[in-house]
>>> print(open('my_file_27.tsv').read())   # TSV, C-alpha atoms
chain	number	residue	atom	x	y	z
A	1	MET	CA	136.18	128.53	70.39
A	2	PRO	CA	135.30	130.63	73.45
A	3	ILE	CA	132.60	129.20	75.73
A	4	PRO	CA	129.64	131.62	75.78
A	5	PHE	CA	128.46	130.64	79.30
A	6	ASP	CA	130.21	130.89	82.64
A	7	LEU	CA	130.40	127.84	84.92
A	8	ASP	CA	127.57	128.95	87.22
A	9	THR	CA	125.20	129.40	84.27
A	10	LEU	CA	126.11	125.99	82.88
A	11	ARG	CA	125.48	124.41	86.26
A	12	ILE	CA	122.00	125.92	86.41
A	13	ILE	CA	121.29	124.79	82.82
A	14	TRP	CA	122.36	121.24	83.61
A	15	TRP	CA	120.36	121.16	86.83
A	16	LEU	CA	117.31	122.08	84.75
A	17	LEU	CA	118.22	119.58	82.02
A	18	LEU	CA	118.59	116.79	84.56
A	19	GLY	CA	115.10	117.57	85.83
A	20	ILE	CA	113.73	117.61	82.27
A	21	LEU	CA	115.29	114.23	81.49
A	22	LEU	CA	113.92	112.63	84.67
A	23	ILE	CA	110.47	114.09	84.07
A	24	GLY	CA	110.64	112.97	80.43
A	25	PHE	CA	111.42	109.45	81.57
A	26	ALA	CA	108.58	109.45	84.12
A	27	ILE	CA	106.07	110.65	81.52
A	28	MET	CA	107.21	108.53	78.58
A	29	ASP	CA	108.22	105.28	80.28
A	30	GLY	CA	105.90	105.86	83.22
A	31	PHE	CA	102.79	104.75	81.37
A	32	ASP	CA	104.67	101.61	80.24
A	33	LEU	CA	105.33	100.76	83.88
A	34	GLY	CA	101.74	101.58	84.78
A	35	VAL	CA	100.33	99.35	82.03
A	36	ALA	CA	102.60	96.47	83.08
A	37	SER	CA	101.46	96.90	86.69
A	38	LEU	CA	97.82	96.61	85.61
A	39	LEU	CA	98.24	93.57	83.33
A	40	PRO	CA	97.07	90.77	85.69
A	41	PHE	CA	94.18	92.84	87.03
A	42	VAL	CA	92.70	94.60	83.99
A	43	GLY	CA	93.24	91.70	81.60
A	44	LYS	CA	91.01	88.80	82.64
A	45	LYS	CA	91.38	86.60	79.56
A	46	ASP	CA	94.45	85.62	77.58
A	47	GLU	CA	93.41	87.66	74.55
A	48	GLU	CA	92.79	90.72	76.72
A	49	ARG	CA	96.25	90.42	78.22
A	50	ARG	CA	97.78	90.14	74.75
A	51	ILE	CA	95.99	93.34	73.77
A	52	ILE	CA	97.32	95.10	76.87
A	53	ILE	CA	100.89	93.95	76.19
A	54	ASN	CA	100.70	95.12	72.59
A	55	THR	CA	99.64	98.63	73.58
A	56	VAL	CA	103.18	99.19	74.89
A	57	GLY	CA	105.09	96.47	73.05
A	58	PRO	CA	106.14	98.64	70.08
A	59	VAL	CA	107.15	101.70	72.17
A	60	TRP	CA	108.72	100.62	75.46
A	61	GLU	CA	112.27	100.44	74.08
A	62	GLY	CA	112.10	103.96	72.68
A	63	ASN	CA	110.66	105.26	75.93
A	64	GLN	CA	113.56	103.87	77.94
A	65	VAL	CA	115.93	106.07	75.95
A	66	TRP	CA	115.01	108.78	78.45
A	67	LEU	CA	116.35	106.63	81.31
A	68	VAL	CA	119.59	105.90	79.47
A	69	VAL	CA	120.10	109.57	78.58
A	70	GLY	CA	119.32	110.64	82.15
A	71	ALA	CA	121.84	108.19	83.62
A	72	GLY	CA	124.43	109.29	81.05
A	73	ALA	CA	123.81	112.94	81.88
A	74	ILE	CA	124.38	112.30	85.58
A	75	PHE	CA	127.61	110.46	84.81
A	76	ALA	CA	129.00	113.21	82.59
A	77	ALA	CA	127.64	116.37	84.20
A	78	TRP	CA	127.50	115.34	87.89
A	79	PRO	CA	130.18	112.65	88.39
A	80	MET	CA	130.17	112.83	92.19
A	81	VAL	CA	126.36	112.55	92.24
A	82	TYR	CA	126.70	109.51	89.98
A	83	ALA	CA	129.30	108.00	92.32
A	84	VAL	CA	127.12	108.43	95.42
A	85	ALA	CA	123.85	107.35	93.81
A	86	PHE	CA	125.15	104.35	91.90
A	87	SER	CA	127.18	103.03	94.85
A	88	GLY	CA	124.77	103.85	97.68
A	89	PHE	CA	121.71	102.67	95.79
A	90	TYR	CA	123.54	99.80	94.08
A	91	MET	CA	121.32	96.96	95.33
A	92	ALA	CA	118.15	98.99	94.78
A	93	MET	CA	119.27	99.77	91.22
A	94	PHE	CA	120.09	96.11	90.65
A	95	LEU	CA	116.54	95.29	91.78
A	96	VAL	CA	115.15	97.87	89.34
A	97	LEU	CA	117.31	96.64	86.47
A	98	ALA	CA	116.38	93.02	87.14
A	99	ALA	CA	112.70	93.99	87.07
A	100	LEU	CA	113.17	96.02	83.89
A	101	ILE	CA	114.86	93.01	82.27
A	102	ILE	CA	112.03	90.66	83.27
A	103	ARG	CA	109.46	92.87	81.54
A	104	PRO	CA	110.69	92.61	77.90
A	105	VAL	CA	111.65	88.98	78.44
A	106	GLY	CA	108.06	88.41	79.52
A	107	PHE	CA	106.81	90.19	76.39
A	108	LYS	CA	108.89	87.88	74.19
A	109	PHE	CA	108.52	84.57	76.02
A	110	ARG	CA	104.89	84.74	77.12
A	111	SER	CA	103.40	83.66	73.79
A	112	LYS	CA	106.01	80.97	73.05
A	113	LEU	CA	103.81	78.37	74.74
A	114	ALA	CA	100.03	78.25	75.00
A	115	HIS	CA	99.99	76.60	78.44
A	116	PRO	CA	97.97	78.72	80.92
A	117	LEU	CA	100.50	78.28	83.76
A	118	TRP	CA	103.40	79.37	81.52
A	119	ARG	CA	101.55	82.51	80.47
A	120	SER	CA	100.37	83.27	84.00
A	121	ILE	CA	103.95	83.13	85.32
A	122	TRP	CA	105.12	85.60	82.68
A	123	ASP	CA	102.10	87.83	83.28
A	124	TRP	CA	103.14	88.21	86.91
A	125	GLY	CA	106.73	88.68	85.79
A	126	ILE	CA	105.59	91.59	83.62
A	127	PHE	CA	103.67	92.97	86.61
A	128	ILE	CA	106.87	92.85	88.68
A	129	GLY	CA	108.73	94.53	85.82
A	130	GLY	CA	106.29	97.43	85.98
A	131	PHE	CA	105.38	97.82	89.63
A	132	VAL	CA	108.80	97.30	91.26
A	133	PRO	CA	110.58	100.09	89.30
A	134	ALA	CA	107.63	102.44	89.82
A	135	LEU	CA	107.81	101.82	93.57
A	136	VAL	CA	111.62	101.89	93.93
A	137	PHE	CA	112.03	105.11	91.94
A	138	GLY	CA	109.78	106.80	94.51
A	139	VAL	CA	111.69	105.17	97.37
A	140	ALA	CA	114.91	106.62	95.89
A	141	VAL	CA	113.41	110.12	95.83
A	142	GLY	CA	112.30	109.64	99.45
A	143	ASN	CA	115.84	108.70	100.45
A	144	VAL	CA	117.24	111.80	98.77
A	145	LEU	CA	114.70	113.98	100.60
A	146	GLN	CA	115.57	112.51	104.01
A	147	GLY	CA	119.31	112.49	103.28
A	148	VAL	CA	121.66	109.74	102.13
A	149	PRO	CA	124.24	108.34	104.62
A	150	PHE	CA	127.57	109.14	102.95
A	151	TYR	CA	130.60	111.35	103.45
A	152	VAL	CA	133.28	112.83	101.23
A	153	ASP	CA	136.90	112.47	102.34
A	154	GLN	CA	139.72	114.97	101.83
A	155	GLN	CA	140.59	113.35	98.48
A	156	MET	CA	137.03	114.09	97.28
A	157	VAL	CA	136.11	110.41	97.30
A	158	PRO	CA	132.52	109.71	98.44
A	159	HIS	CA	131.87	106.80	100.83
A	160	TYR	CA	128.40	105.31	101.39
A	161	VAL	CA	127.87	103.99	104.94
A	162	GLY	CA	124.27	102.78	104.79
A	163	SER	CA	122.72	99.41	103.90
A	164	PHE	CA	120.10	98.16	101.47
A	165	TRP	CA	117.37	97.69	104.07
A	166	GLU	CA	117.90	101.19	105.47
A	167	LEU	CA	116.60	102.53	102.16
A	168	PHE	CA	113.10	101.33	103.06
A	169	THR	CA	111.70	103.49	105.83
A	170	PRO	CA	108.05	104.48	106.38
A	171	PHE	CA	108.66	107.84	104.70
A	172	THR	CA	110.53	106.43	101.69
A	173	LEU	CA	107.83	103.77	101.22
A	174	LEU	CA	105.25	106.57	101.35
A	175	CYS	CA	107.15	108.27	98.51
A	176	GLY	CA	107.21	104.94	96.71
A	177	ILE	CA	103.41	104.73	96.95
A	178	VAL	CA	103.13	108.25	95.52
A	179	SER	CA	105.30	107.21	92.58
A	180	ALA	CA	103.55	103.90	91.97
A	181	SER	CA	100.06	105.41	92.21
A	182	MET	CA	101.03	108.30	89.93
A	183	LEU	CA	102.43	105.99	87.24
A	184	VAL	CA	99.60	103.44	87.46
A	185	HIS	CA	97.19	106.38	87.04
A	186	HIS	CA	99.15	107.48	83.98
A	187	GLY	CA	99.23	103.95	82.57
A	188	ALA	CA	95.51	103.39	83.13
A	189	LEU	CA	94.67	106.47	81.08
A	190	TYR	CA	97.00	105.36	78.28
A	191	LEU	CA	95.42	101.90	78.34
A	192	ALA	CA	91.93	103.41	78.15
A	193	ILE	CA	92.98	105.39	75.07
A	194	LYS	CA	94.57	102.41	73.29
A	195	THR	CA	91.90	99.77	73.93
A	196	GLU	CA	88.19	99.31	73.42
A	197	GLN	CA	85.14	98.43	75.47
A	198	THR	CA	85.78	96.06	78.35
A	199	ILE	CA	89.50	96.68	78.87
A	200	SER	CA	89.08	100.43	78.51
A	201	GLN	CA	86.26	100.51	81.05
A	202	ARG	CA	88.26	98.51	83.58
A	203	ALA	CA	91.21	100.85	83.15
A	204	LEU	CA	88.97	103.86	83.69
A	205	ARG	CA	87.70	102.38	86.95
A	206	VAL	CA	91.33	102.13	88.08
A	207	VAL	CA	91.71	105.87	87.41
A	208	ASN	CA	89.08	106.59	90.06
A	209	TRP	CA	91.13	104.83	92.71
A	210	THR	CA	94.53	106.12	91.64
A	211	THR	CA	93.25	109.70	91.58
A	212	LEU	CA	92.16	109.40	95.19
A	213	THR	CA	95.31	107.55	96.26
A	214	THR	CA	97.72	109.97	94.56
A	215	VAL	CA	96.07	113.08	95.99
A	216	ILE	CA	95.85	111.68	99.53
A	217	VAL	CA	99.35	110.18	99.70
A	218	PHE	CA	100.98	113.21	98.03
A	219	SER	CA	99.25	115.41	100.63
A	220	ILE	CA	100.44	113.24	103.53
A	221	ALA	CA	104.01	113.24	102.17
A	222	GLY	CA	103.92	117.03	101.80
A	223	LEU	CA	102.66	117.55	105.34
A	224	TYR	CA	105.32	115.24	106.73
A	225	VAL	CA	108.11	116.97	104.78
A	226	SER	CA	107.02	120.41	105.96
A	227	GLY	CA	106.35	119.55	109.60
A	228	SER	CA	108.38	116.49	110.64
A	229	LEU	CA	111.18	115.69	108.20
A	230	GLU	CA	114.64	117.16	108.63
A	231	GLY	CA	115.71	119.06	105.53
A	232	TYR	CA	119.06	120.71	104.90
A	233	MET	CA	120.21	124.31	104.71
A	234	ILE	CA	123.54	125.93	103.87
A	235	SER	CA	124.56	127.76	107.02
A	236	SER	CA	127.81	129.39	105.90
A	237	SER	CA	128.45	132.19	103.46
A	238	PHE	CA	128.55	129.89	100.48
A	239	ILE	CA	131.08	130.60	97.75
A	240	LYS	CA	130.26	129.13	94.36
A	241	ASN	CA	133.53	127.50	93.46
A	242	ALA	CA	135.08	126.23	90.25
A	243	THR	CA	136.76	123.24	91.89
A	244	SER	CA	133.59	121.32	92.77
A	245	ASN	CA	134.57	120.93	96.41
A	246	PRO	CA	131.52	120.03	98.54
A	247	LEU	CA	133.54	120.41	101.74
A	248	ALA	CA	133.85	124.18	101.24
A	249	LYS	CA	130.48	124.86	102.86
A	250	SER	CA	128.66	124.26	106.14
A	251	VAL	CA	125.25	122.59	106.19
A	252	VAL	CA	122.74	122.11	109.00
A	253	ALA	CA	119.77	119.78	109.24
A	254	LYS	CA	116.51	121.42	110.28
A	255	ILE	CA	112.87	120.36	110.32
A	256	GLY	CA	110.93	122.23	107.66
A	257	ALA	CA	114.05	123.27	105.73
A	258	TRP	CA	112.64	121.86	102.49
A	259	VAL	CA	109.79	124.42	102.52
A	260	ALA	CA	112.11	127.42	102.97
A	261	ASN	CA	112.46	127.84	99.20
A	262	TYR	CA	108.73	128.48	98.92
A	263	TYR	CA	109.06	131.53	101.17
A	264	GLN	CA	112.05	132.81	99.23
A	265	TYR	CA	110.63	131.97	95.80
A	266	PRO	CA	106.80	131.99	96.06
A	267	TRP	CA	106.39	131.02	92.40
A	268	MET	CA	107.63	127.52	93.30
A	269	VAL	CA	104.23	126.74	94.79
A	270	ALA	CA	103.15	126.20	91.18
A	271	ALA	CA	104.87	122.79	91.27
A	272	PRO	CA	102.76	121.10	93.99
A	273	ALA	CA	99.72	122.93	92.63
A	274	LEU	CA	100.31	121.31	89.23
A	275	GLY	CA	100.62	117.95	90.96
A	276	PHE	CA	97.22	118.25	92.60
A	277	ILE	CA	95.41	120.07	89.79
A	278	GLY	CA	96.79	117.80	87.07
A	279	THR	CA	95.73	114.66	88.90
A	280	ILE	CA	92.21	115.90	89.67
A	281	LEU	CA	91.79	117.44	86.23
A	282	SER	CA	92.76	114.17	84.54
A	283	TRP	CA	89.97	112.44	86.48
A	284	HIS	CA	87.51	115.21	85.56
A	285	LEU	CA	88.41	114.97	81.87
A	286	LYS	CA	88.13	111.19	82.08
A	287	MET	CA	84.58	111.58	83.37
A	288	GLN	CA	83.84	113.72	80.29
A	289	ASP	CA	85.35	111.01	78.04
A	290	ARG	CA	88.13	113.36	76.91
A	291	LEU	CA	90.79	110.75	77.40
A	292	LYS	CA	93.65	112.28	75.41
A	293	LEU	CA	93.35	115.54	77.32
A	294	ALA	CA	93.16	113.51	80.53
A	295	PHE	CA	96.46	111.88	79.59
A	296	VAL	CA	98.00	115.33	79.03
A	297	ALA	CA	96.70	116.42	82.45
A	298	SER	CA	98.23	113.31	84.01
A	299	SER	CA	101.56	114.20	82.37
A	300	THR	CA	101.24	117.66	83.90
A	301	ALA	CA	100.66	116.08	87.30
A	302	ILE	CA	103.87	114.05	86.93
A	303	LEU	CA	105.71	117.25	86.01
A	304	GLY	CA	104.36	118.94	89.12
A	305	ILE	CA	105.02	116.11	91.58
A	306	ILE	CA	108.62	115.54	90.48
A	307	SER	CA	109.31	119.27	90.27
A	308	THR	CA	108.03	119.65	93.83
A	309	ALA	CA	110.83	117.40	95.11
A	310	GLY	CA	113.51	119.04	92.97
A	311	LEU	CA	112.55	122.64	93.75
A	312	SER	CA	112.12	121.93	97.47
A	313	MET	CA	115.70	120.67	97.67
A	314	TYR	CA	117.33	123.46	95.62
A	315	PRO	CA	120.32	123.86	95.51
A	316	PHE	CA	120.91	120.38	96.94
A	317	ILE	CA	121.04	117.34	94.65
A	318	ILE	CA	121.96	114.67	97.22
A	319	PRO	CA	122.17	115.82	100.86
A	320	SER	CA	124.14	113.73	103.36
A	321	SER	CA	122.46	112.63	106.58
A	322	TYR	CA	125.74	111.19	107.88
A	323	ASP	CA	127.92	114.28	107.34
A	324	PRO	CA	125.74	117.21	106.22
A	325	HIS	CA	128.61	119.39	104.98
A	326	SER	CA	129.48	116.58	102.50
A	327	SER	CA	126.09	117.19	100.84
A	328	LEU	CA	126.22	117.63	97.09
A	329	THR	CA	124.72	120.74	95.52
A	330	LEU	CA	124.53	121.96	91.96
A	331	TRP	CA	127.32	124.43	92.79
A	332	ASP	CA	129.90	121.95	94.01
A	333	ALA	CA	129.30	118.57	92.38
A	334	SER	CA	129.52	119.30	88.66
A	335	SER	CA	132.05	118.57	85.94
A	336	SER	CA	134.24	121.30	84.47
A	337	ARG	CA	133.01	124.21	82.39
A	338	THR	CA	134.35	122.65	79.18
A	339	THR	CA	132.70	119.29	79.85
A	340	LEU	CA	129.33	120.88	80.63
A	341	PHE	CA	129.47	122.99	77.48
A	342	ILE	CA	130.38	120.06	75.20
A	343	MET	CA	127.59	118.00	76.75
A	344	LEU	CA	125.17	120.89	76.29
A	345	CYS	CA	126.03	121.07	72.58
A	346	ALA	CA	125.37	117.32	72.28
A	347	VAL	CA	122.02	117.64	74.03
A	348	LEU	CA	120.95	120.57	71.83
A	349	ILE	CA	121.63	118.41	68.78
A	350	PHE	CA	120.30	115.03	69.84
A	351	LEU	CA	117.41	115.81	72.21
A	352	PRO	CA	115.32	117.47	69.45
A	353	LEU	CA	116.03	114.43	67.25
A	354	ILE	CA	114.78	112.09	69.98
A	355	VAL	CA	111.63	114.19	70.43
A	356	ALA	CA	111.02	114.38	66.67
A	357	TYR	CA	111.51	110.64	66.15
A	358	THR	CA	109.32	109.79	69.13
A	359	SER	CA	106.55	112.09	67.86
A	360	TRP	CA	106.73	110.48	64.42
A	361	ALA	CA	106.67	106.96	65.88
A	362	TYR	CA	103.59	107.65	67.99
A	363	ARG	CA	101.86	109.19	64.99
A	364	VAL	CA	102.52	106.04	62.94
A	365	LEU	CA	101.36	103.80	65.80
A	366	ALA	CA	98.23	105.84	66.55
A	367	GLY	CA	94.98	103.95	66.97
A	368	LYS	CA	93.57	101.28	69.21
A	369	VAL	CA	94.89	97.75	69.70
A	370	THR	CA	92.13	95.22	69.06
A	371	SER	CA	91.73	91.51	68.55
A	372	LYS	CA	91.57	92.14	64.82
A	373	SER	CA	94.79	94.16	64.77
A	374	LEU	CA	96.55	91.37	66.67
A	375	SER	CA	95.47	88.75	64.16
A	376	GLU	CA	96.65	90.92	61.27
A	377	ASP	CA	100.04	91.73	62.79
A	378	MET	CA	102.46	88.83	62.53
A	379	ASN	CA	104.93	90.63	64.84
A	380	SER	CA	102.51	91.09	67.74
A	381	TYR	CA	103.30	89.61	71.15
>>> encode(input="my_file_27.tsv", output="structure tokens")
Amino acid sequence: MPIPFDLDTLRIIWWLLLGILLIGFAIMDGFDLGVASLLPFVGKKDEERRIIINTVGPVWEGNQVWLVVGAGAIFAAWPMVYAVAFSGFYMAMFLVLAALIIRPVGFKFRSKLAHPLWRSIWDWGIFIGGFVPALVFGVAVGNVLQGVPFYVDQQMVPHYVGSFWELFTPFTLLCGIVSASMLVHHGALYLAIKTEQTISQRALRVVNWTTLTTVIVFSIAGLYVSGSLEGYMISSSFIKNATSNPLAKSVVAKIGAWVANYYQYPWMVAAPALGFIGTILSWHLKMQDRLKLAFVASSTAILGIISTAGLSMYPFIIPSSYDPHSSLTLWDASSSRTTLFIMLCAVLIFLPLIVAYTSWAYRVLAGKVTSKSLSEDMNSY
């Protein structure tokens, strides 16, 4: 069977698909992380905390499918990106995975004993399982924006030369705050939709603070990226090659390079605009008690904020601060044409199934979680 797309087209498609999968994860599992982060603060009594846990208890596993699919897509479509990210960020990813493991364990174990200390320990464990990934995912994006210390040798083997603690700089922590605030905002709106009275009102008060925090910190990060942070630019006549050789180009680091795309492609300004407008609009809709629309607006804000990072870096996926010409772009870090096409066929089959099943599941689970629903559900946490 002849492949209907050339390699360059498939690379563009997979760059877009990777962005869609990451945004899908941030929207779908992001509110889970936000709800977990809010558990010890919004839930004051044991019953309130049980209600909060059960708003996400039936759906968190399905939402993490987006993370698994995204990681699998990187492995298959961008093997060198996978090698750099999963080796360079190994300890950070271990931290995230440990936190993500603590969260469901906390869901299961919390109600095994009625002792207040036992439940309090697991409540804070669930908080860690929500807040730490939300923060570290943003830190990872910050590291990619400022460049990752690695190089590619003549055998096309990437080598990471940084350390775990070097991942946490003032700028990357700033990006982590953007991520955490954005996802807590998203989770607070979801919690307000799924609960009643006291819990819902507390969650809505959180939205006021996260709206302000997200807008301010996203603005500061944007100003720093445009005026102080070194970005990366291809300085040679770049030949799109079929051999995925990142060493076939020359790259220079330059302050303000990440905003160059906005001059070349003015339509890209829609991404940061969506980030700001979606966040503020979600607060405005919340004030009008239109919570479901506010949640949609929050999802739009997540789309805009993540797209801002991805579009600013185009065509880079992971730039190298140690050896800039080893930087990985969508043109030189992909799998073969055949692999990309087979993977595309799989995505076109299974992604609609995931979306359809998820839509059906949320329709079945629609409605608020209350004390009465907990007492009637023998499988509740």
>>> closest_atom_pairs(input="my_file_27.tsv", of="region 225-338 of chain A", to="region 164-171 of chain A", cutoff="12 Å", atoms="only C-alpha atoms", output="Markdown table")
| residue | atom | partner | partner_atom | distance |
| --- | --- | --- | --- | --- |
| A:Val225 | CA | A:Phe171 | CA | 9.1 |
| A:Ser228 | CA | A:Phe171 | CA | 10.5 |
| A:Leu229 | CA | A:Phe171 | CA | 9.0 |
| A:Glu230 | CA | A:Phe171 | CA | 11.8 |
>>> write_last_selection(input="my_file_27.tsv", atoms="C-alpha atoms", output="PDB file, keeping the file's coordinate frame")
ATOM      1  CA  VAL A 225     108.110 116.970 104.780  1.00  0.00           C
ATOM      2  CA  SER A 228     108.380 116.490 110.640  1.00  0.00           C
ATOM      3  CA  LEU A 229     111.180 115.690 108.200  1.00  0.00           C
ATOM      4  CA  GLU A 230     114.640 117.160 108.630  1.00  0.00           C
TER       5      GLU A 230
END
>>> residues_around(input="my_file_27.tsv", residues="Ala221 (chain A)", least_positions_apart="3", cutoff="12 Å", atoms="all atoms listed in the file", output="VMD selection string")
chain A and resid 138 141 to 142 145 to 146 170 to 179 213 to 218 224 to 229 272 305 308 to 309
>>> atom_distance(input="my_file_27.tsv", atom1="CA of Ser371 (chain A)", atom2="CA of Val42 (chain A)")
15.8 Å
>>> closest_residue(input="my_file_27.tsv", among="A:Arg110, A:Lys45, A:Lys368, A:His185", to="Ile280 (chain A)", atoms="all atoms listed in the file")
A:His185
>>> residues_around(input="my_file_27.tsv", residues="region 115-126 of chain A", least_positions_apart="4", cutoff="8 Å", atoms="only C-alpha atoms", output="list of chain:residue names")
A:Ala36, A:Ser37, A:Leu39, A:Pro40, A:Ile102, A:Arg103, A:Pro104, A:Gly106, A:Phe107, A:Phe109, A:Arg110, A:Ser111, A:Gly130
>>> atom_distance(input="my_file_27.tsv", atom1="CA of Leu291 (chain A)", atom2="CA of Thr358 (chain A)")
20.3 Å
>>> atom_distance(input="my_file_27.tsv", atom1="CA of Tyr232 (chain A)", atom2="CA of Trp258 (chain A)")
7.0 Å
>>> closest_residue(input="my_file_27.tsv", among="A:Ser320, A:Ile302, A:Ala192, A:Ala203", to="Leu247 (chain A)", atoms="only C-alpha atoms")
A:Ser320
>>> residues_near_point(input="my_file_27.tsv", point="(117.8, 122.5, 97.4)", cutoff="9 Å", atoms="all atoms listed in the file", output="list in words")
Tyr232, Met233, Trp258, Asn261, Ala309, Gly310, Leu311, Ser312, Met313, Tyr314, Pro315, Phe316, Ile317, Ile318, Pro319, Thr329 and Leu330 of chain A
>>> closest_atom_pairs(input="my_file_27.tsv", of="region 32-122 of chain A", to="region 341-345 of chain A", cutoff="10 Å", atoms="all atoms listed in the file", output="JSON lines")
{"residue": "A:Ala73", "atom": "CA", "partner": "A:Met343", "partner_atom": "CA", "distance": 8.1}
{"residue": "A:Ala76", "atom": "CA", "partner": "A:Met343", "partner_atom": "CA", "distance": 7.7}
{"residue": "A:Ala77", "atom": "CA", "partner": "A:Met343", "partner_atom": "CA", "distance": 7.6}
